[in-house]
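Shown next: start-v9.csv, containing CSV, C-alpha atoms.
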```
chain,number,residue,atom,x,y,z
A,1,ASP,CA,11.0,-5.5,-9.1
A,2,ALA,CA,8.6,-7.2,-11.5
A,3,LYS,CA,5.9,-5.0,-13.0
A,4,THR,CA,2.3,-5.9,-13.1
A,5,THR,CA,-0.4,-5.3,-15.7
A,6,GLN,CA,-4.1,-5.1,-14.8
A,7,PRO,CA,-7.2,-4.0,-16.7
A,8,PRO,CA,-8.1,-0.4,-15.7
A,9,SER,CA,-11.7,-1.2,-14.9
A,10,MET,CA,-14.2,-4.0,-14.5
A,11,ASP,CA,-17.8,-4.4,-13.6
A,12,CYS,CA,-19.4,-7.1,-11.6
A,13,ALA,CA,-23.0,-7.9,-10.6
A,14,GLU,CA,-23.7,-8.0,-6.9
A,15,GLY,CA,-23.7,-11.5,-5.6
A,16,ARG,CA,-21.6,-12.9,-8.5
A,17,ALA,CA,-18.0,-13.8,-8.3
A,18,ALA,CA,-15.5,-11.1,-9.3
A,19,ASN,CA,-12.4,-12.4,-11.0
A,20,LEU,CA,-9.6,-9.8,-11.3
A,21,PRO,CA,-6.7,-10.8,-13.5
A,22,CYS,CA,-3.1,-9.7,-13.2
A,23,ASN,CA,-0.1,-10.3,-15.4
A,24,HIS,CA,3.4,-10.4,-13.9
A,25,SER,CA,5.4,-12.1,-16.6
A,26,THR,CA,8.8,-10.9,-15.2
A,27,ILE,CA,8.3,-12.2,-11.7
A,28,SER,CA,11.3,-14.0,-10.2
A,29,GLY,CA,11.3,-17.1,-8.2
A,30,ASN,CA,11.3,-15.6,-4.7
A,31,GLU,CA,9.0,-12.7,-5.3
A,32,TYR,CA,5.5,-12.8,-3.8
A,33,VAL,CA,2.2,-11.6,-5.3
A,34,TYR,CA,0.2,-9.3,-3.1
A,35,TRP,CA,-3.3,-7.9,-3.5
A,36,TYR,CA,-4.5,-4.8,-1.8
A,37,ARG,CA,-7.6,-2.7,-2.4
A,38,GLN,CA,-8.4,0.9,-1.7
A,39,ILE,CA,-11.8,2.2,-1.1
A,40,HIS,CA,-12.2,5.9,-1.8
A,41,SER,CA,-10.4,8.2,0.6
A,42,GLN,CA,-9.2,5.3,2.8
A,43,GLY,CA,-5.8,3.7,3.1
A,44,PRO,CA,-5.1,0.5,1.1
A,45,GLN,CA,-6.3,-2.7,2.7
A,46,TYR,CA,-4.4,-5.9,2.5
A,47,ILE,CA,-6.3,-8.8,1.0
A,48,ILE,CA,-4.1,-11.8,0.3
A,49,HIS,CA,-0.7,-12.9,-0.9
A,50,GLY,CA,1.0,-15.9,-2.3
A,51,LEU,CA,4.2,-17.3,-3.7
A,52,LYS,CA,3.3,-20.3,-5.9
A,53,ASN,CA,0.4,-22.1,-4.4
A,54,ASN,CA,-3.3,-21.0,-4.5
A,55,GLU,CA,-4.4,-19.3,-1.3
A,56,THR,CA,-7.7,-18.6,0.3
A,57,ASN,CA,-8.8,-16.5,3.3
A,58,GLU,CA,-12.0,-15.0,4.5
A,59,MET,CA,-11.9,-12.2,2.0
A,60,ALA,CA,-10.8,-13.8,-1.2
A,61,SER,CA,-9.0,-16.5,-3.2
A,62,LEU,CA,-5.7,-16.1,-5.1
A,63,ILE,CA,-5.0,-18.4,-8.0
A,64,ILE,CA,-1.5,-18.3,-9.4
A,65,THR,CA,-0.6,-20.0,-12.6
A,66,GLU,CA,1.9,-22.8,-12.6
A,67,ASP,CA,4.5,-20.6,-14.4
A,68,ARG,CA,3.7,-17.8,-12.0
A,69,LYS,CA,3.4,-15.3,-14.8
A,70,SER,CA,-0.2,-14.4,-14.0
A,71,SER,CA,-2.7,-14.6,-11.2
A,72,THR,CA,-6.4,-14.0,-10.5
A,73,LEU,CA,-8.0,-12.6,-7.4
A,74,ILE,CA,-11.5,-14.0,-6.8
A,75,LEU,CA,-14.1,-12.4,-4.6
A,76,PRO,CA,-16.6,-15.2,-4.4
A,77,HIS,CA,-19.8,-13.2,-3.8
A,78,ALA,CA,-19.2,-9.5,-4.6
A,79,THR,CA,-21.1,-6.9,-2.6
A,80,LEU,CA,-21.5,-3.2,-3.2
A,81,ARG,CA,-18.9,-2.6,-0.4
A,82,ASP,CA,-16.4,-4.4,-2.6
A,83,THR,CA,-16.4,-1.5,-5.0
A,84,ALA,CA,-12.8,-0.3,-4.9
A,85,VAL,CA,-9.5,0.0,-6.7
A,86,TYR,CA,-7.7,-3.4,-6.6
A,87,TYR,CA,-3.9,-3.5,-6.8
A,88,CYS,CA,-1.8,-6.5,-7.8
A,89,ILE,CA,1.7,-6.1,-6.5
A,90,VAL,CA,4.9,-8.1,-6.9
A,91,SER,CA,6.9,-7.1,-3.9
A,92,ASN,CA,10.7,-7.1,-3.4
A,93,ASN,CA,12.2,-10.1,-1.7
A,94,ALA,CA,11.7,-8.8,1.8
A,95,GLY,CA,8.1,-7.8,1.1
A,96,ASN,CA,8.7,-4.4,2.6
A,97,MET,CA,8.5,-2.2,-0.5
A,98,LEU,CA,5.3,-2.3,-2.4
A,99,THR,CA,5.3,-0.9,-5.9
A,100,PHE,CA,1.7,0.1,-6.7
A,101,GLY,CA,0.6,0.3,-10.3
A,102,GLY,CA,-2.6,1.8,-11.6
A,103,GLY,CA,-4.8,-1.1,-10.3
A,104,THR,CA,-8.2,-2.2,-11.5
A,105,ARG,CA,-11.3,-0.1,-10.6
A,106,LEU,CA,-13.9,-2.7,-9.7
A,107,MET,CA,-17.5,-1.5,-9.8
A,108,VAL,CA,-20.0,-3.8,-8.2
A,109,LYS,CA,-23.5,-3.1,-9.5
A,110,PRO,CA,-26.9,-4.0,-8.0
B,1,LYS,CA,-6.9,-3.7,18.7
B,2,ALA,CA,-6.1,-0.2,17.6
B,3,GLY,CA,-5.1,0.3,14.0
B,4,VAL,CA,-2.4,2.5,12.5
B,5,THR,CA,-2.8,6.0,13.7
B,6,GLN,CA,-1.6,9.0,11.7
B,7,THR,CA,-1.6,12.6,12.9
B,8,PRO,CA,-2.7,15.1,12.0
B,9,ARG,CA,-5.4,14.1,9.5
B,10,TYR,CA,-5.2,17.4,7.6
B,11,LEU,CA,-2.5,20.0,7.3
B,12,ILE,CA,-2.1,23.2,5.3
B,13,LYS,CA,1.4,24.6,4.9
B,14,THR,CA,3.0,27.4,2.9
B,15,ARG,CA,5.7,26.9,0.3
B,16,GLY,CA,9.1,26.8,1.8
B,17,GLN,CA,8.0,25.6,5.2
B,18,GLN,CA,8.7,22.2,6.7
B,19,VAL,CA,6.3,19.7,8.1
B,20,THR,CA,6.5,16.6,10.3
B,21,LEU,CA,3.9,13.8,10.1
B,22,SER,CA,3.5,11.2,12.8
B,23,CYS,CA,2.6,7.5,12.7
B,24,SER,CA,1.8,5.1,15.5
B,25,PRO,CA,1.9,1.5,14.3
B,26,ILE,CA,-0.2,-1.4,15.5
B,27,SER,CA,1.2,-2.6,18.8
B,28,GLY,CA,4.0,-5.2,18.2
B,29,HIS,CA,4.6,-4.1,14.6
B,30,ARG,CA,8.2,-3.2,14.0
B,31,SER,CA,8.1,-2.5,10.3
B,32,VAL,CA,6.8,0.9,9.3
B,33,SER,CA,6.5,2.2,5.7
B,34,TRP,CA,5.5,5.5,4.3
B,35,TYR,CA,3.8,6.2,0.9
B,36,GLN,CA,2.8,9.3,-1.0
B,37,GLN,CA,-0.4,9.3,-3.0
B,38,THR,CA,-1.2,11.9,-5.6
B,39,PRO,CA,-3.8,11.8,-8.5
B,40,GLY,CA,-1.0,12.0,-11.1
B,41,GLN,CA,1.6,9.6,-9.7
B,42,GLY,CA,-0.6,7.2,-7.7
B,43,LEU,CA,0.9,5.5,-4.7
B,44,GLN,CA,4.6,5.8,-4.4
B,45,PHE,CA,6.9,4.2,-1.8
B,46,LEU,CA,8.9,6.7,0.3
B,47,PHE,CA,10.8,4.6,2.9
B,48,GLU,CA,10.6,1.7,5.3
B,49,TYR,CA,11.9,1.4,8.8
B,50,PHE,CA,12.5,-1.7,11.0
B,51,SER,CA,13.9,-1.5,14.5
B,52,GLU,CA,14.9,2.2,14.0
B,53,THR,CA,16.8,1.4,10.8
B,54,GLN,CA,15.9,2.5,7.4
B,55,ARG,CA,16.0,-0.6,5.2
B,56,ASN,CA,14.6,0.8,1.9
B,57,LYS,CA,14.1,4.2,0.4
B,58,GLY,CA,12.1,5.2,-2.7
B,59,ASN,CA,13.0,7.6,-5.4
B,60,PHE,CA,12.3,10.9,-3.6
B,61,PRO,CA,14.6,13.9,-3.0
B,62,GLY,CA,16.5,14.4,0.2
B,63,ARG,CA,13.9,16.9,1.4
B,64,PHE,CA,11.9,13.8,2.4
B,65,SER,CA,13.3,12.1,5.5
B,66,GLY,CA,12.0,9.9,8.2
B,67,ARG,CA,12.9,8.2,11.4
B,68,GLN,CA,11.6,5.5,13.7
B,69,PHE,CA,11.8,5.5,17.5
B,70,SER,CA,12.5,2.6,19.9
B,71,ASN,CA,8.7,2.2,20.5
B,72,SER,CA,8.3,1.7,16.7
B,73,ARG,CA,6.5,5.0,16.3
B,74,SER,CA,7.7,6.8,13.2
B,75,GLU,CA,7.8,10.4,11.8
B,76,MET,CA,8.4,11.7,8.4
B,77,ASN,CA,9.6,15.2,7.6
B,78,VAL,CA,9.4,17.2,4.5
B,79,SER,CA,11.6,20.3,4.3
B,80,THR,CA,11.3,23.3,2.0
B,81,LEU,CA,7.8,22.4,0.9
B,82,GLU,CA,6.8,22.7,-2.8
B,83,LEU,CA,3.3,22.9,-4.3
B,84,GLY,CA,3.9,19.4,-5.7
B,85,ASP,CA,4.3,17.9,-2.3
B,86,SER,CA,0.5,18.3,-1.8
B,87,ALA,CA,-0.6,14.7,-1.4
B,88,LEU,CA,-2.1,12.1,0.9
B,89,TYR,CA,0.7,10.6,3.0
B,90,LEU,CA,0.1,7.1,4.2
B,91,CYS,CA,1.8,5.1,6.9
B,92,ALA,CA,1.6,1.3,7.1
B,93,SER,CA,2.9,-1.2,9.6
B,94,SER,CA,3.5,-4.9,9.6
B,95,LEU,CA,4.5,-7.6,12.1
B,96,ALA,CA,6.7,-9.2,9.4
B,97,ALA,CA,6.2,-7.8,6.0
B,98,ILE,CA,6.9,-10.9,4.0
B,99,ASN,CA,4.2,-13.0,5.5
B,100,TYR,CA,1.6,-10.7,6.9
B,101,GLY,CA,1.2,-7.8,4.6
B,102,TYR,CA,0.8,-4.2,5.7
B,103,THR,CA,-2.0,-2.4,7.6
B,104,PHE,CA,-2.4,1.1,6.4
B,105,GLY,CA,-3.5,4.1,8.3
B,106,SER,CA,-6.1,6.6,7.0
B,107,GLY,CA,-3.3,9.1,6.0
B,108,THR,CA,-2.5,12.7,6.4
B,109,ARG,CA,-3.7,15.0,3.7
B,110,LEU,CA,-1.1,17.7,3.2
B,111,THR,CA,-2.0,20.8,1.2
B,112,VAL,CA,0.8,23.2,0.3
B,113,VAL,CA,-0.3,26.7,-0.8
```
Please render this file's structure as structure tokens.
Amino acid sequence: DAKTTQPPSMDCAEGRAANLPCNHSTISGNEYVYWYRQIHSQGPQYIIHGLKNNETNEMASLIITEDRKSSTLILPHATLRDTAVYYCIVSNNAGNMLTFGGGTRLMVKP
Amino acid sequence: KAGVTQTPRYLIKTRGQQVTLSCSPISGHRSVSWYQQTPGQGLQFLFEYFSETQRNKGNFPGRFSGRQFSNSRSEMNVSTLELGDSALYLCASSLAAINYGYTFGSGTRLTVV
């Protein structure tokens, strides 16, 4: 499975957009990019996923570069409740085995 | 609708004992996965079941085992507990993993003394 690289931590001002980058240069053609987040002491929460097209849902937007070697998760208007560890994951072909890396600890500040 | 339910929430066991953890997935979800989370190793995949069949297994010793019942409920078992097995064990379920992602439970925190 492809590995991902994320910055260990980021800060964002409340109300501003949070842009979380992820590098997955060894991704193969049929592997999906998933984003999850984990708020302290809770189980991870699914955010969004994509294959090659940009995706948007009620929580976030996912921008995948044309060569698929990197992606960016965008939280359009970050709130204090968005403070969490964000994981970028390239899953196996079936999507049923998630390999979590270290993630990015996002701190949203007032 | 009810989320993924894991029982018990907390557990304290002694080295050498065995333990069984339970997971009830969201109704209709047939894929159930288990993960171990520790401060040192982070989140690690244990195994995944679909329709009572184990489809994937992570890199854990044979002391870690699991099963899934016909109603999709799942259990995992750890035998001959070691201090290093102290962790948060998370269960996750999915309608169809590839397109829906997984919903995680709150986990069972196991402490081995």
May I have a table of the residues of chain B lying at most 8 Å from chain A, giving each one's closest pair of atoms and their distance in Å to one decimal, counting only C-alpha atoms, ordered by chain and ascending residue number, as a Markdown table?
```
| residue | atom | partner | partner_atom | distance |
| --- | --- | --- | --- | --- |
| B:Ser31 | CA | A:Asn96 | CA | 8.0 |
| B:Ser33 | CA | A:Asn96 | CA | 7.6 |
| B:Gly42 | CA | A:Gly102 | CA | 7.0 |
| B:Leu43 | CA | A:Phe100 | CA | 5.8 |
| B:Gln44 | CA | A:Phe100 | CA | 6.8 |
| B:Phe45 | CA | A:Leu98 | CA | 6.7 |
| B:Phe47 | CA | A:Met97 | CA | 7.9 |
| B:Glu48 | CA | A:Asn96 | CA | 6.9 |
| B:Asn56 | CA | A:Met97 | CA | 7.2 |
| B:Leu90 | CA | A:Gly43 | CA | 6.9 |
| B:Ala97 | CA | A:Gly95 | CA | 5.3 |
| B:Ile98 | CA | A:Gly95 | CA | 4.4 |
| B:Asn99 | CA | A:Gly95 | CA | 7.8 |
| B:Gly101 | CA | A:Tyr46 | CA | 6.3 |
| B:Tyr102 | CA | A:Tyr46 | CA | 6.3 |
| B:Thr103 | CA | A:Gln45 | CA | 6.5 |
| B:Phe104 | CA | A:Gly43 | CA | 5.4 |
| B:Gly105 | CA | A:Gly43 | CA | 5.7 |
| B:Ser106 | CA | A:Gly43 | CA | 4.9 |
| B:Gly107 | CA | A:Gly43 | CA | 6.6 |
```
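Non-sequential neighbours of Ala78 of chain A (distance at most 9 Å, separation of 3 or more positions within a chain, all atoms listed in the file) are Cys12, Ala13, Glu14, Gly15, Arg16, Ala17, Ala18, Leu75, Arg81, Asp82, Thr83 and Val108 of chain A.
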Could you list, as a PyMOL selection string, every residue within 6 Å of Leu110 of chain B, counting all atoms listed in the file and ignoring same-chain residues fewer than 6 positions away? chain B and resi 11-12+86-87
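Residue nearest Ser74 of chain B, chosen from B:Val32, B:Val19, B:Ile26, B:Ala96 and counting only C-alpha atoms: B:Val32.
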